[in-house]
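Visitor: Provided below: target-v2.cif, containing mmCIF, C-alpha atoms (C1' of nucleotides).
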data_work
loop_
_atom_site.label_atom_id
_atom_site.label_comp_id
_atom_site.auth_asym_id
_atom_site.auth_seq_id
_atom_site.Cartn_x
_atom_site.Cartn_y
_atom_site.Cartn_z
CA MET U 293 2.46 47.38 60.47
CA ARG U 294 2.50 43.74 61.56
CA ASP U 295 3.27 42.83 57.96
CA THR U 296 6.60 44.63 58.15
CA ALA U 297 7.69 43.02 61.42
CA PRO U 298 11.27 41.81 60.96
CA GLU U 299 10.77 38.25 62.23
CA PRO U 300 7.17 37.27 61.42
CA ALA U 301 7.86 33.55 61.53
CA LEU U 302 9.36 33.37 65.01
CA SER U 303 6.09 33.51 66.92
CA THR U 304 4.68 30.83 64.64
CA GLN U 305 7.63 28.54 65.34
CA LEU U 306 7.15 28.99 69.06
CA LEU U 307 3.39 28.37 68.86
CA GLU U 308 4.00 25.13 67.01
CA TRP U 309 6.31 24.04 69.82
CA TYR U 310 3.74 25.11 72.41
CA ASP U 311 0.99 23.10 70.70
CA HIS U 312 2.98 19.95 71.48
CA HIS U 313 4.79 20.87 74.69
CA ALA U 314 2.46 23.14 76.66
CA ARG U 315 2.54 22.20 80.33
CA ASP U 316 -0.74 20.99 81.81
CA LEU U 317 -1.55 23.61 84.41
CA PRO U 318 -4.79 23.75 86.42
CA TRP U 319 -5.50 27.37 85.44
CA ARG U 320 -4.66 26.87 81.79
CA VAL U 321 -6.86 26.03 78.80
CA ALA U 322 -4.83 23.66 76.63
CA PRO U 323 -3.95 25.03 73.18
CA ALA U 324 -6.15 22.47 71.39
CA ASP U 325 -9.12 23.28 73.64
CA ARG U 326 -8.57 26.99 73.20
CA GLN U 327 -8.56 26.66 69.43
CA ALA U 328 -11.76 24.64 69.75
CA GLY U 329 -13.34 27.66 71.36
CA MET U 330 -12.81 27.14 75.08
CA VAL U 331 -12.17 30.31 77.05
CA PRO U 332 -10.21 30.60 80.30
CA ASP U 333 -11.99 31.88 83.41
CA PRO U 334 -10.58 35.38 84.09
CA TYR U 335 -10.92 34.78 87.84
CA ARG U 336 -8.65 31.75 87.66
CA VAL U 337 -6.22 33.51 85.34
CA TRP U 338 -6.00 36.47 87.69
CA LEU U 339 -5.65 34.31 90.81
CA SER U 340 -2.92 32.18 89.22
CA GLU U 341 -1.00 35.18 87.93
CA VAL U 342 -0.98 36.87 91.34
CA MET U 343 0.16 33.63 92.98
CA LEU U 344 2.86 33.20 90.33
CA GLN U 345 4.41 36.60 91.00
CA GLN U 346 8.01 35.78 91.98
CA THR U 347 6.83 32.26 92.78
CA THR U 348 7.32 28.92 91.05
CA VAL U 349 4.58 26.79 89.52
CA ALA U 350 5.44 23.96 91.91
CA ALA U 351 4.85 26.18 94.94
CA VAL U 352 1.58 27.58 93.55
CA ARG U 353 -0.26 24.41 92.51
CA ASP U 354 -1.69 23.33 95.87
CA TYR U 355 -2.51 26.87 96.92
CA PHE U 356 -4.42 27.41 93.68
CA HIS U 357 -6.48 24.26 94.27
CA ARG U 358 -7.29 25.21 97.85
CA PHE U 359 -8.29 28.76 96.92
CA THR U 360 -10.50 27.77 93.97
CA SER U 361 -12.11 24.95 95.97
CA ARG U 362 -12.91 27.24 98.87
CA TRP U 363 -13.73 30.33 96.78
CA PRO U 364 -14.84 29.29 93.26
CA THR U 365 -15.71 32.80 92.08
CA VAL U 366 -14.46 36.32 92.59
CA GLN U 367 -17.70 37.15 94.42
CA ALA U 368 -17.12 34.27 96.83
CA LEU U 369 -13.61 35.48 97.49
CA ALA U 370 -14.84 39.03 97.95
CA ALA U 371 -17.17 37.82 100.70
CA ALA U 372 -14.43 35.93 102.57
CA GLU U 373 -13.11 36.92 105.98
CA ASP U 374 -9.69 38.60 105.94
CA ALA U 375 -8.25 36.11 108.44
CA ASP U 376 -9.40 33.14 106.33
CA VAL U 377 -7.70 34.46 103.21
CA MET U 378 -4.48 35.31 105.05
CA GLY U 379 -4.56 31.84 106.61
CA GLU U 380 -4.94 30.14 103.22
CA TRP U 381 -2.08 32.25 101.84
CA ALA U 382 0.23 31.43 104.76
CA GLY U 383 3.48 29.89 103.55
CA LEU U 384 3.29 31.33 100.05
CA GLY U 385 5.09 34.54 100.93
CA TYR U 386 4.86 38.17 99.82
CA TYR U 387 1.77 38.64 101.96
CA ALA U 388 0.90 42.02 100.48
CA ARG U 389 -0.32 39.94 97.56
CA ALA U 390 -2.99 38.34 99.76
CA ARG U 391 -4.13 41.66 101.17
CA ASN U 392 -4.32 43.15 97.67
CA LEU U 393 -6.02 40.01 96.38
CA LEU U 394 -8.92 40.62 98.73
CA LYS U 395 -9.03 44.34 97.94
CA CYS U 396 -9.06 43.51 94.24
CA ALA U 397 -11.80 40.88 94.56
CA ARG U 398 -13.96 43.33 96.49
CA ALA U 399 -13.33 46.09 93.94
CA VAL U 400 -14.23 43.81 91.02
CA SER U 401 -17.32 42.69 92.92
CA ALA U 402 -18.45 46.16 93.97
CA ASP U 403 -17.32 48.34 91.07
CA HIS U 404 -17.33 46.03 88.03
CA GLY U 405 -20.34 43.80 88.64
CA GLY U 406 -18.18 40.84 89.55
CA VAL U 407 -16.57 40.78 86.10
CA PHE U 408 -12.91 41.50 85.42
CA PRO U 409 -12.72 44.58 83.18
CA LEU U 410 -11.56 44.12 79.59
CA ASP U 411 -9.87 47.51 79.58
CA HIS U 412 -6.14 47.35 80.23
CA ASP U 413 -6.02 50.60 82.22
CA ALA U 414 -8.97 49.50 84.35
CA LEU U 415 -7.10 46.28 85.17
CA LEU U 416 -3.95 48.23 85.95
CA SER U 417 -5.79 50.41 88.46
CA LEU U 418 -6.86 47.40 90.57
CA PRO U 419 -4.89 46.54 93.74
CA GLY U 420 -2.07 44.09 93.18
CA ILE U 421 -2.32 44.27 89.38
CA GLY U 422 0.76 45.89 87.87
CA PRO U 423 2.10 46.07 84.31
CA TYR U 424 2.93 42.38 84.08
CA THR U 425 -0.30 41.02 85.56
CA ALA U 426 -2.53 43.41 83.60
CA ALA U 427 -0.87 42.35 80.35
CA ALA U 428 -1.01 38.67 81.32
CA ILE U 429 -4.75 38.81 82.10
CA SER U 430 -5.47 40.71 78.88
CA ALA U 431 -3.45 38.26 76.82
CA ILE U 432 -4.33 34.95 78.49
CA ALA U 433 -7.95 35.56 79.50
CA PHE U 434 -9.01 37.90 76.69
CA ASP U 435 -6.54 36.92 73.95
CA ALA U 436 -5.50 40.55 73.48
CA PRO U 437 -2.10 41.25 71.81
CA GLU U 438 -0.47 42.72 74.92
CA VAL U 439 3.29 42.54 75.43
CA VAL U 440 3.77 40.37 78.50
CA MET U 441 7.09 41.11 80.23
CA ASP U 442 8.32 39.02 83.14
CA GLY U 443 11.65 37.58 84.20
CA ASN U 444 11.31 34.70 81.72
CA VAL U 445 10.59 36.97 78.76
CA GLU U 446 13.46 39.26 79.73
CA ARG U 447 15.85 36.32 79.80
CA VAL U 448 14.60 34.87 76.51
CA MET U 449 14.83 38.25 74.75
CA ALA U 450 18.28 39.01 76.16
CA ARG U 451 19.47 35.70 74.71
CA MET U 452 17.59 35.82 71.42
CA PHE U 453 19.19 39.20 70.66
CA ASP U 454 22.41 38.69 72.66
CA ILE U 455 21.84 41.83 74.72
CA HIS U 456 24.60 42.37 77.31
CA THR U 457 23.27 45.54 78.92
CA PRO U 458 22.68 44.70 82.62
CA LEU U 459 19.19 44.73 84.11
CA PRO U 460 17.34 46.87 84.91
CA ASP U 461 18.85 49.25 82.32
CA ALA U 462 18.09 46.77 79.55
CA LYS U 463 14.35 46.69 80.25
CA PRO U 464 13.24 49.19 77.57
CA GLU U 465 15.23 47.45 74.86
CA LEU U 466 14.04 44.02 75.98
CA LYS U 467 10.43 45.19 75.90
CA ALA U 468 10.89 46.65 72.42
CA ARG U 469 12.27 43.33 71.23
CA ALA U 470 9.42 41.43 72.87
CA ALA U 471 6.91 43.76 71.23
CA GLU U 472 8.37 43.01 67.80
CA LEU U 473 7.80 39.30 68.33
CA THR U 474 4.29 39.45 69.85
CA PRO U 475 1.80 38.20 67.24
CA GLN U 476 -1.74 39.42 66.55
CA ASP U 477 -2.80 35.79 66.15
CA ARG U 478 -3.08 33.71 69.36
CA PRO U 479 -1.35 36.27 71.59
CA GLY U 480 -2.60 34.48 74.73
CA ASP U 481 -1.01 31.18 73.78
CA TYR U 482 2.09 33.00 72.60
CA ALA U 483 2.51 34.75 75.98
CA GLN U 484 2.25 31.44 77.80
CA ALA U 485 4.56 29.81 75.29
CA VAL U 486 7.39 32.29 75.90
CA MET U 487 7.03 31.89 79.65
CA ASP U 488 6.95 28.08 79.36
CA LEU U 489 10.05 28.28 77.20
CA GLY U 490 11.83 30.39 79.80
CA ALA U 491 10.73 28.13 82.65
CA THR U 492 11.66 24.83 81.01
CA ILE U 493 14.23 25.20 78.21
CA CYS U 494 15.66 28.71 78.33
CA SER U 495 16.37 28.34 82.05
CA PRO U 496 18.70 30.65 84.00
CA LYS U 497 21.62 28.31 84.76
CA SER U 498 21.99 25.70 82.06
CA PRO U 499 19.66 26.35 79.11
CA ALA U 500 18.79 23.35 76.95
CA CYS U 501 19.64 25.10 73.71
CA GLY U 502 19.84 21.82 71.79
CA ILE U 503 16.09 21.25 72.00
CA CYS U 504 14.97 24.90 71.85
CA PRO U 505 12.47 25.79 69.13
CA TRP U 506 14.36 29.07 68.71
CA ARG U 507 17.88 27.58 68.66
CA ASP U 508 18.51 28.64 65.04
CA PRO U 509 17.59 32.34 65.29
CA CYS U 510 19.01 32.76 68.83
CA ARG U 511 22.07 35.05 68.72
CA ALA U 512 23.36 34.14 72.18
CA ARG U 513 23.21 30.48 71.23
CA ALA U 514 25.39 31.29 68.22
CA ALA U 515 27.75 33.41 70.31
CA GLY U 516 27.89 30.91 73.16
CA THR U 517 26.77 33.57 75.67
CA ALA U 518 23.33 32.20 76.54
CA PRO U 519 24.14 30.88 80.03
CA GLU U 520 25.53 34.26 81.18
CA LEU U 521 22.53 36.30 80.02
CA PRO U 522 20.81 38.41 81.11
CA LYS U 523 23.50 40.38 82.94
CA LYS U 524 22.38 41.77 86.28
CA GLN U 525 23.58 44.35 88.76
CA PRO U 526 25.30 42.71 91.75
CA LYS U 527 23.15 42.38 94.83
CA LYS U 528 23.81 43.56 98.34
CA ALA U 529 24.87 41.09 101.03
CA LYS U 530 22.21 40.16 103.56
CA PRO U 531 22.86 41.20 107.15
CA VAL U 532 22.03 38.93 110.09
CA ARG U 533 19.33 40.05 112.51
CA ARG U 534 18.44 38.50 115.83
CA GLY U 535 15.30 38.43 117.91
CA VAL U 536 13.31 36.62 120.57
CA ALA U 537 9.88 35.05 120.13
CA TYR U 538 7.69 34.23 123.12
CA LEU U 539 5.52 31.12 123.07
CA ALA U 540 3.01 31.00 125.90
CA GLN U 541 0.44 28.27 126.41
CA ARG U 542 -2.41 28.04 128.86
CA ALA U 543 -3.25 24.85 130.79
CA ASP U 544 -6.17 24.21 128.40
CA GLY U 545 -3.85 24.48 125.39
CA ALA U 546 -4.77 28.02 124.29
CA LEU U 547 -1.90 30.02 122.75
CA LEU U 548 -0.85 33.66 122.85
CA LEU U 549 -0.46 35.19 119.37
CA GLU U 550 -0.56 38.54 117.66
CA ARG U 551 -2.04 39.83 114.44
CA ARG U 552 0.79 41.75 112.78
CA PRO U 553 0.06 45.22 111.40
CA ASP U 554 -0.99 45.37 107.74
CA SER U 555 2.13 47.15 106.56
CA GLY U 556 5.67 45.84 106.60
CA LEU U 557 7.17 42.39 107.01
CA LEU U 558 4.62 39.56 107.27
CA GLY U 559 1.92 42.25 107.29
CA GLY U 560 -1.52 41.03 108.28
CA MET U 561 -0.28 37.60 109.35
CA LEU U 562 -0.48 35.78 112.68
CA GLY U 563 2.72 35.46 114.67
CA TRP U 564 4.25 34.97 118.09
CA PRO U 565 4.81 38.10 120.12
CA GLY U 566 8.47 39.02 120.18
CA SER U 567 11.28 41.48 120.34
CA PRO U 568 12.20 43.69 117.39
CA TRP U 569 14.57 42.00 114.93
CA ALA U 570 17.85 43.90 114.88
CA GLU U 571 21.51 43.45 114.01
CA SER U 572 22.42 44.23 117.59
CA PRO U 573 21.89 41.53 120.26
CA ALA U 574 18.21 40.78 120.75
CA ALA U 575 16.38 42.79 123.39
CA ASP U 576 14.26 40.96 125.94
CA CYS U 577 10.70 42.27 125.94
CA PRO U 578 8.29 39.56 127.07
CA PRO U 579 4.56 40.11 126.51
CA PHE U 580 3.87 39.55 130.22
CA PRO U 581 6.02 39.02 133.30
CA ALA U 582 6.85 35.38 133.90
CA ASP U 583 9.71 32.97 134.42
CA TRP U 584 10.53 32.68 130.70
CA GLN U 585 12.60 29.63 129.81
CA VAL U 586 14.96 29.65 126.85
CA LEU U 587 14.21 26.79 124.47
CA PRO U 588 17.19 24.74 123.25
CA GLY U 589 18.09 25.48 119.65
CA GLU U 590 17.13 28.42 117.51
CA VAL U 591 15.11 29.26 114.45
CA ARG U 592 17.01 30.27 111.33
CA HIS U 593 15.17 31.85 108.46
CA THR U 594 16.14 33.96 105.46
CA PHE U 595 13.91 36.76 104.22
CA THR U 596 14.35 38.81 101.06
CA HIS U 597 16.90 41.15 102.55
CA PHE U 598 18.20 39.67 105.81
CA HIS U 599 18.95 36.44 107.67
CA LEU U 600 17.14 35.95 110.97
CA ILE U 601 18.21 34.00 114.04
CA LEU U 602 15.37 33.65 116.49
CA THR U 603 15.67 32.58 120.12
CA LEU U 604 12.52 31.03 121.57
CA LYS U 605 11.29 31.51 125.13
CA THR U 606 8.35 29.76 126.74
CA ALA U 607 6.20 30.29 129.81
CA PRO U 608 2.79 29.19 131.07
CA LEU U 609 0.01 31.57 130.03
CA PRO U 610 -2.10 32.61 133.04
CA ASP U 611 -5.90 32.70 132.90
CA GLY U 612 -7.52 36.03 132.21
CA PRO U 613 -7.74 38.45 129.32
CA ALA U 614 -5.00 38.70 126.67
CA PRO U 615 -2.33 41.33 127.21
CA GLU U 616 -2.93 44.55 125.29
CA GLY U 617 -2.77 44.10 121.52
CA LEU U 618 -2.41 40.32 121.72
CA LEU U 619 -4.69 37.43 120.93
CA ILE U 620 -5.57 34.27 122.85
CA VAL U 621 -6.33 31.49 120.37
CA LYS U 622 -8.05 28.37 121.71
CA ARG U 623 -6.42 25.04 121.05
CA HIS U 624 -9.06 23.96 118.54
CA ASP U 625 -9.04 27.29 116.71
CA PHE U 626 -5.29 27.15 116.20
CA ARG U 627 -3.95 25.79 112.93
CA PRO U 628 -0.18 25.84 112.45
CA SER U 629 -0.83 26.16 108.71
CA ASP U 630 -2.19 29.66 109.32
CA LEU U 631 1.30 30.83 110.28
CA PRO U 632 3.90 32.31 107.94
CA THR U 633 6.90 30.04 107.62
CA VAL U 634 9.22 31.64 110.17
CA MET U 635 6.46 31.48 112.81
CA ARG U 636 5.69 27.91 111.79
CA LYS U 637 9.35 27.00 112.26
CA ALA U 638 9.22 28.42 115.78
CA TYR U 639 6.10 26.42 116.55
CA ASP U 640 7.62 23.23 115.13
CA LEU U 641 10.82 23.63 117.13
CA TRP U 642 8.85 24.18 120.31
CA ARG U 643 6.48 21.25 119.73
CA GLY U 644 9.26 18.99 118.56
CA GLY U 645 10.98 19.55 121.89
CA ALA U 646 7.76 18.87 123.77
CA GLU U 647 7.29 15.44 122.27
"C1'" DA N 202 12.93 55.48 92.37
"C1'" DA N 203 15.56 52.39 94.76
"C1'" DG N 204 14.32 49.58 98.66
"C1'" DC N 205 11.06 46.62 100.73
"C1'" DC N 206 8.63 42.40 100.62
"C1'" DG N 207 8.81 35.31 101.44
"C1'" DT N 208 9.69 31.08 100.18
"C1'" DG N 209 11.47 26.72 98.39
"C1'" DG N 210 14.31 24.63 94.85
"C1'" DT N 211 18.79 24.39 92.83
"C1'" DG N 212 23.84 24.23 91.65
"C1'" DT J 231 26.40 25.81 103.06
"C1'" DC J 232 25.01 29.51 100.41
"C1'" DA J 233 23.98 32.61 96.74
"C1'" DC J 234 20.98 32.76 93.17
"C1'" DC J 235 16.58 32.49 91.24
"C1'" DA J 236 11.13 32.68 90.19
"C1'" DA J 237 4.75 34.07 85.71
"C1'" DG J 238 6.31 41.68 90.36
"C1'" DG J 239 3.91 45.38 92.91
"C1'" DC J 240 3.99 49.05 96.08
"C1'" DT J 241 5.82 53.16 98.10
#
Just give me the structure as structure tokens.

Guide:
Amino acid sequence: MRDTAPEPALSTQLLEWYDHHARDLPWRVAPADRQAGMVPDPYRVWLSEVMLQQTTVAAVRDYFHRFTSRWPTVQALAAAEDADVMGEWAGLGYYARARNLLKCARAVSADHGGVFPLDHDALLSLPGIGPYTAAAISAIAFDAPEVVMDGNVERVMARMFDIHTPLPDAKPELKARAAELTPQDRPGDYAQAVMDLGATICSPKSPACGICPWRDPCRARAAGTAPELPKKQPKKAKPVRRGVAYLAQRADGALLLERRPDSGLLGGMLGWPGSPWAESPAADCPPFPADWQVLPGEVRHTFTHFHLILTLKTAPLPDGPAPEGLLIVKRHDFRPSDLPTVMRKAYDLWRGGAE
DNA sequence: AAGCCGTGGTG
DNA sequence: TCACCAAGGCT
């Protein structure tokens, strides 16, 4: 079957390019080392792939180092406290990934003896591991000939075969094309090679077709359509929402925070108590009665599907127990780096004004 | 099964 | 400034 593949040489051309141009990434085994018999650690492959979901290599690097330094194995991660993992993930975004990361580590630890399963369907059933990540782990960690489909591969395939069908309708055809090119030999390196190609040369805006290892066979390059592919459905405009956040500090420096519910926006993360975020003017619903002072300035932040303008109010926090559902965090237990970015911006604006 | 879910870099 | 974009998964 592989012998009748229409373009048997293409994967080889790409692998030759990868052998010389593979990026040096902390979770990666270099092609020369891999061919010398070195094997990637599935834990590191899994952790990196989850972090890389919808996230750039540049943003992931430091997080990956901190996580692997603090939790070197999946068992160590499985034994971690929820709040510690959410705190380490703070700033990276898509916080459901962190919650599922812990669930997955605990499932691997409890149900699979601390070893990531080789079986593709077993991987797919784990929390936070979908079609892409299951294929990526199988290919990269186990060198299995899985078809790895992500945004890079979709773009590269759309250009290689000059496919103008808009996403997501084009997905089945793009996957079929990708499957035709996936080799039996070195599928793990091949998967990383296509993604490296998409991230460095076959980039979204201005692809560097002149130095592309696939410039000759690429149909979009020949047609001059590469920069406009893949076509995508237009996206909705983002509405503006407004809200109020309340920053209260006790004389000894302790702060009033909340642990957000596990589901929904910023689920499971620390944050300042506040009003709901709505398109109508922000309601005023302070966590306790006080003479709340409006802070000069405002916090602006853009989420996936709306812009947020946040007004900050401050008041002294009285002694005594925390209001219902809220959390008093002592000065020395509070780390701004535990906060998701919008909450960090609020803290920075407040502290900046205090100095 | 479309909508929800973060963030930082880029042009 | 602002829309677009990234090694997607869940519901």

Visitor: Residues of chain N within 6 Å of chain U, counting only C-alpha atoms (C1' of nucleotides), what are they? List them as a PyMOL selection string.

Guide: chain N and resi 206-208

Visitor: With a cut-off of 8 Å and counting all atoms listed in the file, select all residues of chain U in contact with chain J and give the selection as a list in words.

Guide: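 In the required form, that comes to Glu341, Leu344, Gln345, Gln346, Thr347, Thr348, Gly420, Ile421, Gly422, Tyr424, Asp442, Gly443, Asn444, Met487 and Pro496 of chain U.
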
Visitor: Find the spatial neighbours of Leu459 (chain U), counting only C-alpha atoms (C1' of nucleotides), within a cut-off of 9 Å - ignore same-chain residues fewer than 4 positions away - and output them as a PDB file with C-alpha atoms, in the frame of the given file.

Guide:
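Output below, filename out_26.pdb:
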ATOM      1  CA  LYS U 463      14.350  46.690  80.250  1.00  0.00           C
ATOM      2  CA  PRO U 522      20.810  38.410  81.110  1.00  0.00           C
ATOM      3  CA  LYS U 523      23.500  40.380  82.940  1.00  0.00           C
ATOM      4  CA  LYS U 524      22.380  41.770  86.280  1.00  0.00           C
ATOM      5  CA  GLN U 525      23.580  44.350  88.760  1.00  0.00           C
TER       6      GLN U 525
END

Visitor: Which residue is closest to Asp508 (chain U)? Choose from U:Ile601, U:Gly406, U:Leu302, U:Phe356 and count only C-alpha atoms.

Guide: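 When distances to Asp508 (chain U) are compared using only C-alpha atoms, the smallest one comes from U:Leu302.
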
Visitor: Interatomic distance between CA of Asp333 (chain U) and CA of Ala433 (chain U)?

Guide: 6.7 Å

Visitor: List, as a ChimeraX atom specification, every residue that the PyMOL selection byres ((chain U and resi 355) around 12) selects in the file provided.

Guide: /U:318-319,339-340,342-344,347-354,356-363,377-385,390,629

Visitor: Fix up region 563-572 of chain U with all heavy atoms, then write it as an mmCIF file, in the frame of the given file.

Guide:
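Listed below is the output, result-v9.cif:
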data_model
loop_
_atom_site.group_PDB
_atom_site.id
_atom_site.type_symbol
_atom_site.label_atom_id
_atom_site.label_comp_id
_atom_site.auth_asym_id
_atom_site.auth_seq_id
_atom_site.Cartn_x
_atom_site.Cartn_y
_atom_site.Cartn_z
ATOM 1 N N GLY U 563 1.363 35.755 114.257
ATOM 2 C CA GLY U 563 2.720 35.460 114.670
ATOM 3 C C GLY U 563 2.827 35.423 116.179
ATOM 4 O O GLY U 563 1.878 35.759 116.893
ATOM 5 N N TRP U 564 3.992 34.955 116.651
ATOM 6 C CA TRP U 564 4.250 34.970 118.090
ATOM 7 C C TRP U 564 4.692 36.362 118.496
ATOM 8 O O TRP U 564 5.422 37.023 117.754
ATOM 9 C CB TRP U 564 5.338 33.957 118.441
ATOM 10 C CG TRP U 564 5.029 32.614 117.871
ATOM 11 C CD1 TRP U 564 5.667 31.994 116.835
ATOM 12 C CD2 TRP U 564 3.988 31.740 118.289
ATOM 13 N NE1 TRP U 564 5.068 30.783 116.563
ATOM 14 C CE2 TRP U 564 4.038 30.598 117.450
ATOM 15 C CE3 TRP U 564 3.009 31.804 119.278
ATOM 16 C CZ2 TRP U 564 3.141 29.536 117.579
ATOM 17 C CZ3 TRP U 564 2.119 30.735 119.404
ATOM 18 C CH2 TRP U 564 2.190 29.623 118.575
ATOM 19 N N PRO U 565 4.272 36.826 119.654
ATOM 20 C CA PRO U 565 4.810 38.100 120.120
ATOM 21 C C PRO U 565 6.317 37.987 120.272
ATOM 22 O O PRO U 565 6.845 36.904 120.524
ATOM 23 C CB PRO U 565 4.108 38.312 121.465
ATOM 24 C CG PRO U 565 3.512 36.997 121.840
ATOM 25 C CD PRO U 565 3.336 36.210 120.579
ATOM 26 N N GLY U 566 7.016 39.108 120.105
ATOM 27 C CA GLY U 566 8.470 39.020 120.180
ATOM 28 C C GLY U 566 9.149 40.356 120.264
ATOM 29 O O GLY U 566 8.493 41.407 120.269
ATOM 30 N N SER U 567 10.467 40.281 120.343
ATOM 31 C CA SER U 567 11.280 41.480 120.340
ATOM 32 C C SER U 567 11.399 41.996 118.915
ATOM 33 O O SER U 567 11.092 41.276 117.973
ATOM 34 C CB SER U 567 12.676 41.150 120.861
ATOM 35 O OG SER U 567 13.377 40.410 119.880
ATOM 36 N N PRO U 568 11.842 43.248 118.739
ATOM 37 C CA PRO U 568 12.200 43.690 117.390
ATOM 38 C C PRO U 568 13.349 42.828 116.865
ATOM 39 O O PRO U 568 14.093 42.240 117.645
ATOM 40 C CB PRO U 568 12.653 45.134 117.606
ATOM 41 C CG PRO U 568 12.087 45.539 118.931
ATOM 42 C CD PRO U 568 12.014 44.292 119.744
ATOM 43 N N TRP U 569 13.478 42.737 115.543
ATOM 44 C CA TRP U 569 14.570 42.000 114.930
ATOM 45 C C TRP U 569 15.630 43.006 114.501
ATOM 46 O O TRP U 569 15.387 43.863 113.663
ATOM 47 C CB TRP U 569 14.081 41.196 113.720
ATOM 48 C CG TRP U 569 13.036 40.182 114.102
ATOM 49 C CD1 TRP U 569 12.804 39.701 115.358
ATOM 50 C CD2 TRP U 569 12.100 39.543 113.245
ATOM 51 N NE1 TRP U 569 11.771 38.785 115.340
ATOM 52 C CE2 TRP U 569 11.326 38.670 114.047
ATOM 53 C CE3 TRP U 569 11.826 39.595 111.892
ATOM 54 C CZ2 TRP U 569 10.301 37.886 113.532
ATOM 55 C CZ3 TRP U 569 10.818 38.808 111.373
ATOM 56 C CH2 TRP U 569 10.055 37.956 112.184
ATOM 57 N N ALA U 570 16.815 42.885 115.112
ATOM 58 C CA ALA U 570 17.850 43.900 114.880
ATOM 59 C C ALA U 570 19.205 43.231 114.735
ATOM 60 O O ALA U 570 19.400 42.085 115.129
ATOM 61 C CB ALA U 570 17.864 44.901 116.020
ATOM 62 N N GLU U 571 20.159 43.980 114.173
ATOM 63 C CA GLU U 571 21.510 43.450 114.010
ATOM 64 C C GLU U 571 22.261 43.425 115.333
ATOM 65 O O GLU U 571 23.195 42.661 115.504
ATOM 66 C CB GLU U 571 22.267 44.273 112.959
ATOM 67 C CG GLU U 571 21.667 44.125 111.558
ATOM 68 C CD GLU U 571 22.437 44.915 110.512
ATOM 69 O OE1 GLU U 571 23.682 44.898 110.566
ATOM 70 O OE2 GLU U 571 21.786 45.548 109.652
ATOM 71 N N SER U 572 21.823 44.267 116.253
ATOM 72 C CA SER U 572 22.420 44.230 117.590
ATOM 73 C C SER U 572 21.793 43.064 118.360
ATOM 74 O O SER U 572 20.752 42.553 117.965
ATOM 75 C CB SER U 572 22.138 45.552 118.303
ATOM 76 O OG SER U 572 20.782 45.888 118.181
#
